[in-house]
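K.L.:
Structure provided below as structure tokens; questions to follow.
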Amino acid sequence: MSVRTQSSEEPAETVHRAGFACFVGRPNAGKSTLTNALVGQKVAITSNRPQTTRHTVRGIVHREDAQLILVDTPGLHKPRTLLGERLNDVVRTTWAEVDVIGFCLPANEKLGPGDRFIAKELAGIRKTPKVAIVTKTDLVDGKTLAEQLIAIDRLGEELGITWAEIVPVSATANQQVDLLADLIAPLLPEGPALYPEGDLTDEPEQVMVAELIREAALEGVRDELPHSIAVVVEEMLPREDRPADKPLLDIHANVFIERPSQKGIIIGPKGKRLKDVGIKSRKQIEALLGTPVFLDLHVKVAKDWQRDPKQLRRLGF
């Protein structure tokens with residue numbers, strides 16, 4: 001078993017490589033946090049609630065020797081709704097199209113049926129190199145980490161997966177994140193950069209704005225709500241008649257929930273929660289777009305949208 005830790009060796013090769021890598025793993029395995037850490041800026045929604053990523057967010061890592069395009073997939077899970085089935089389909093389609101697959105396994109949780117379920121699927125994808133990434137290493141001691149590394153090595157042997165690398169990282173403590181990029185880069189195909197220098201993601205701005213609003217709306221709500229929130233940005237328009245040095249962007253967005261009873265939870269007493277969501281997400285949106293924003297939020301009920309194909313389409317799934 002070869003487990004990688006930082007080394008000072010300089011790579012000899014000077015060819016440029018470019019390609020796609022995706023992070024897979026159970027919900028809440030640290031995929032989005034890792035994407036953000038590698039890109040060095042927030043491109044994926046992160047939440048301590050599982051199942052918050054719904055769109056394939058591409059984060060772009062620019063290096064001298066390589067351009068690494070990270071595809072962030074929803075967590076693969078046993079689906080209970082039509083939305084769940086669609087999310088799983090997104091994952092499998094993505095796996096088939098990338099150059100490298102990074103399998104994220106948290107250091108602080110023993111391997112379970114969910115990990116095995118994903119590993120079995122990965123075993124069926126023969127040609128794509130697979131990197132086992134042990135996430136959240138800052139939460140465990142050396143002994144626990146060593147046990148997890150051995151368990152992952154054994155899981156590969158048992159299912160016939162040859163790990164290209166096994167890399168322990170902590171995205172929050174920024175440990176070995178650069179090393180992970182160093183190890184993924186040589187696995188990419190040779191070729192020129194696929195995106196211009198300076199691009200961090202190819203997500204449309206409207207989708208990213210909707211994700212930032214949804215992330216703010218998810219914070220502090222009760223356990224039954226994480227899957228029930230969808231956000232659609234209806235329009236983003238520069239305010240007319242503003243002086244050139246004082247632009248203002250008007251953003252009108254709807255926060256959709258599934259049942260009327262959930263409306264009060266999102267809005268909060270005297271509208272306080274919704275106001276907080278607006279303030280928090282507006283700051284993030286202004287940082288993302290680099291312009292002052294007027295944010296107009298409305299909460300609407302889309303009854304049982306997770307199970308309704310028409311509504312799923314309307315909400316962008």
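Letters for chains follow the order of the structure tokens (A, B, ...), residue numbers begin at 1 for each chain, and ligand numbers begin at 1 in the order shown.
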Name the residues of segment 171-241 of chain A that come out as strand (DSSP E or B) in a backbone DSSP run; write them as a list in words.

P.N.:
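Answer for segment 171-241 of chain A, restricted to strand (DSSP E or B): Gln175, Glu190, Thr201, Ala230, Val231, Val232, Val233, Glu234, Glu235, Met236, Leu237 and Pro238 of chain A.
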
K.L.:
Restricting it to N, CA, C and O atoms, dump the selection as a tab-separated table (two decimals), in the first residue's frame.

P.N.:
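For reference, part.tsv as written:
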chain	number	residue	atom	x	y	z
A	175	GLN	N	-4.29	20.83	4.96
A	175	GLN	CA	-3.17	19.88	5.04
A	175	GLN	C	-3.21	18.94	3.83
A	175	GLN	O	-4.24	18.29	3.59
A	190	GLU	N	-2.42	14.55	-21.55
A	190	GLU	CA	-1.62	15.69	-22.02
A	190	GLU	C	-2.49	16.59	-22.90
A	190	GLU	O	-3.34	16.10	-23.64
A	201	THR	N	-14.85	28.63	-12.37
A	201	THR	CA	-15.96	27.69	-12.51
A	201	THR	C	-16.68	27.99	-13.81
A	201	THR	O	-16.60	29.11	-14.31
A	230	ALA	N	-35.55	24.55	-2.60
A	230	ALA	CA	-34.95	24.80	-3.92
A	230	ALA	C	-35.03	26.30	-4.14
A	230	ALA	O	-35.94	26.96	-3.66
A	231	VAL	N	-34.04	26.86	-4.84
A	231	VAL	CA	-34.04	28.30	-5.12
A	231	VAL	C	-33.93	28.52	-6.62
A	231	VAL	O	-33.11	27.90	-7.28
A	232	VAL	N	-34.79	29.38	-7.14
A	232	VAL	CA	-34.72	29.75	-8.56
A	232	VAL	C	-34.56	31.27	-8.65
A	232	VAL	O	-35.35	32.01	-8.07
A	233	VAL	N	-33.50	31.70	-9.34
A	233	VAL	CA	-33.31	33.14	-9.58
A	233	VAL	C	-34.13	33.49	-10.82
A	233	VAL	O	-33.85	33.02	-11.91
A	234	GLU	N	-35.16	34.29	-10.61
A	234	GLU	CA	-36.07	34.63	-11.71
A	234	GLU	C	-35.44	35.66	-12.64
A	234	GLU	O	-35.58	35.57	-13.85
A	235	GLU	N	-34.76	36.67	-12.06
A	235	GLU	CA	-34.05	37.61	-12.94
A	235	GLU	C	-32.92	38.32	-12.22
A	235	GLU	O	-32.94	38.49	-11.00
A	236	MET	N	-31.89	38.67	-13.00
A	236	MET	CA	-30.76	39.45	-12.51
A	236	MET	C	-30.55	40.58	-13.52
A	236	MET	O	-30.13	40.32	-14.64
A	237	LEU	N	-30.88	41.80	-13.13
A	237	LEU	CA	-30.80	42.92	-14.07
A	237	LEU	C	-30.11	44.12	-13.43
A	237	LEU	O	-30.40	44.46	-12.28
A	238	PRO	N	-29.24	44.82	-14.18
A	238	PRO	CA	-28.65	46.05	-13.64
A	238	PRO	C	-29.76	47.10	-13.48
A	238	PRO	O	-30.61	47.22	-14.37

K.L.:
For segment 146-154 of chain A, please output as a list in words all residues within 8 Å (counting only C-alpha atoms; exclusion window: fewer than 3 positions along the same chain).

P.N.:
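The residues that qualify are Met1, Val3, Ala107, Lys110, Leu111, Ala132, Val134, Gly142, Lys143, Glu157, Glu158, Trp163 and Ile166 of chain A.
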
K.L.:
Skipping near chain neighbours, those fewer than 3 positions away, what residues fall within 10 Å of Arg86 of chain A using only C-alpha atoms, listed as a VMD selection string?

P.N.:
chain A and resid 54 79 81 to 83 89 to 91 309 312 317

K.L.:
Using only C-alpha atoms, which of the listed residues (A:Arg4, A:Ala123, A:Pro27, A:Asp99) sits closest to Leu87 of chain A?

P.N.:
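Using only C-alpha atoms, Leu87 of chain A sits closest to A:Pro27.
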
K.L.:
Quick one: DSSP helix (DSSP H, G or I) residues in segment 117-146 of chain A, as a count of residues only?

P.N.:
15

K.L.:
Quick one: distance from atom CA of Pro196 of chain A to atom CA of Glu64 of chain A in Å, one decimal?

P.N.:
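Straight-line distance from atom CA of Pro196 of chain A to atom CA of Glu64 of chain A works out to 13.2 Å.
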
K.L.:
Just how far from atom CA of Ile69 of chain A is atom CA of Gly19 of chain A, in Å to one decimal?

P.N.:
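Value for the atom CA of Gly19 of chain A-atom CA of Ile69 of chain A distance: 6.0 Å.
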
K.L.:
Write out as a Markdown table a residue-level contact list of segment 65-112 of chain A versus segment 36-39 of chain A with cut-off 12 Å: for each qualifying residue the closest pair of atoms and the distance in Å to one decimal, counting only C-alpha atoms, rows sorted by chain and residue number upward.

P.N.:
| residue | atom | partner | partner_atom | distance |
| --- | --- | --- | --- | --- |
| A:Gln67 | CA | A:Val39 | CA | 10.9 |
| A:Leu68 | CA | A:Val39 | CA | 9.3 |
| A:Ile69 | CA | A:Val39 | CA | 9.4 |
| A:Leu70 | CA | A:Val39 | CA | 8.7 |
| A:Val71 | CA | A:Asn36 | CA | 11.4 |
| A:Asp72 | CA | A:Asn36 | CA | 10.0 |

K.L.:
Determine the nearest neighbour of Val100 of chain A from the options A:Leu159, A:Ile133, A:Val61, A:Leu188, counting only C-alpha atoms.

P.N.:
A:Leu188

K.L.:
Determine the nearest neighbour of Asn174 of chain A from the options A:Lys136, A:Gly191, A:Arg80, A:Glu97, counting only C-alpha atoms.

P.N.:
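Comparing A:Lys136, A:Gly191, A:Arg80, A:Glu97 against Asn174 of chain A, the winner is A:Lys136.
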
K.L.:
Select, from A:Ala185, A:Leu194, A:Ile251, A:Ile161, the residue with the minimum atom-to-atom distance to Glu121 of chain A, counting only C-alpha atoms.

P.N.:
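Looking at the shortest contact to Glu121 of chain A, the residue is A:Ile161.
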
K.L.:
Which residue is closest to Lys275 of chain A? Choose from A:Asp245, A:Ser228, A:Ile213, A:Gln306 and count only C-alpha atoms.

P.N.:
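When distances to Lys275 of chain A are compared using only C-alpha atoms, the smallest one comes from A:Ile213.
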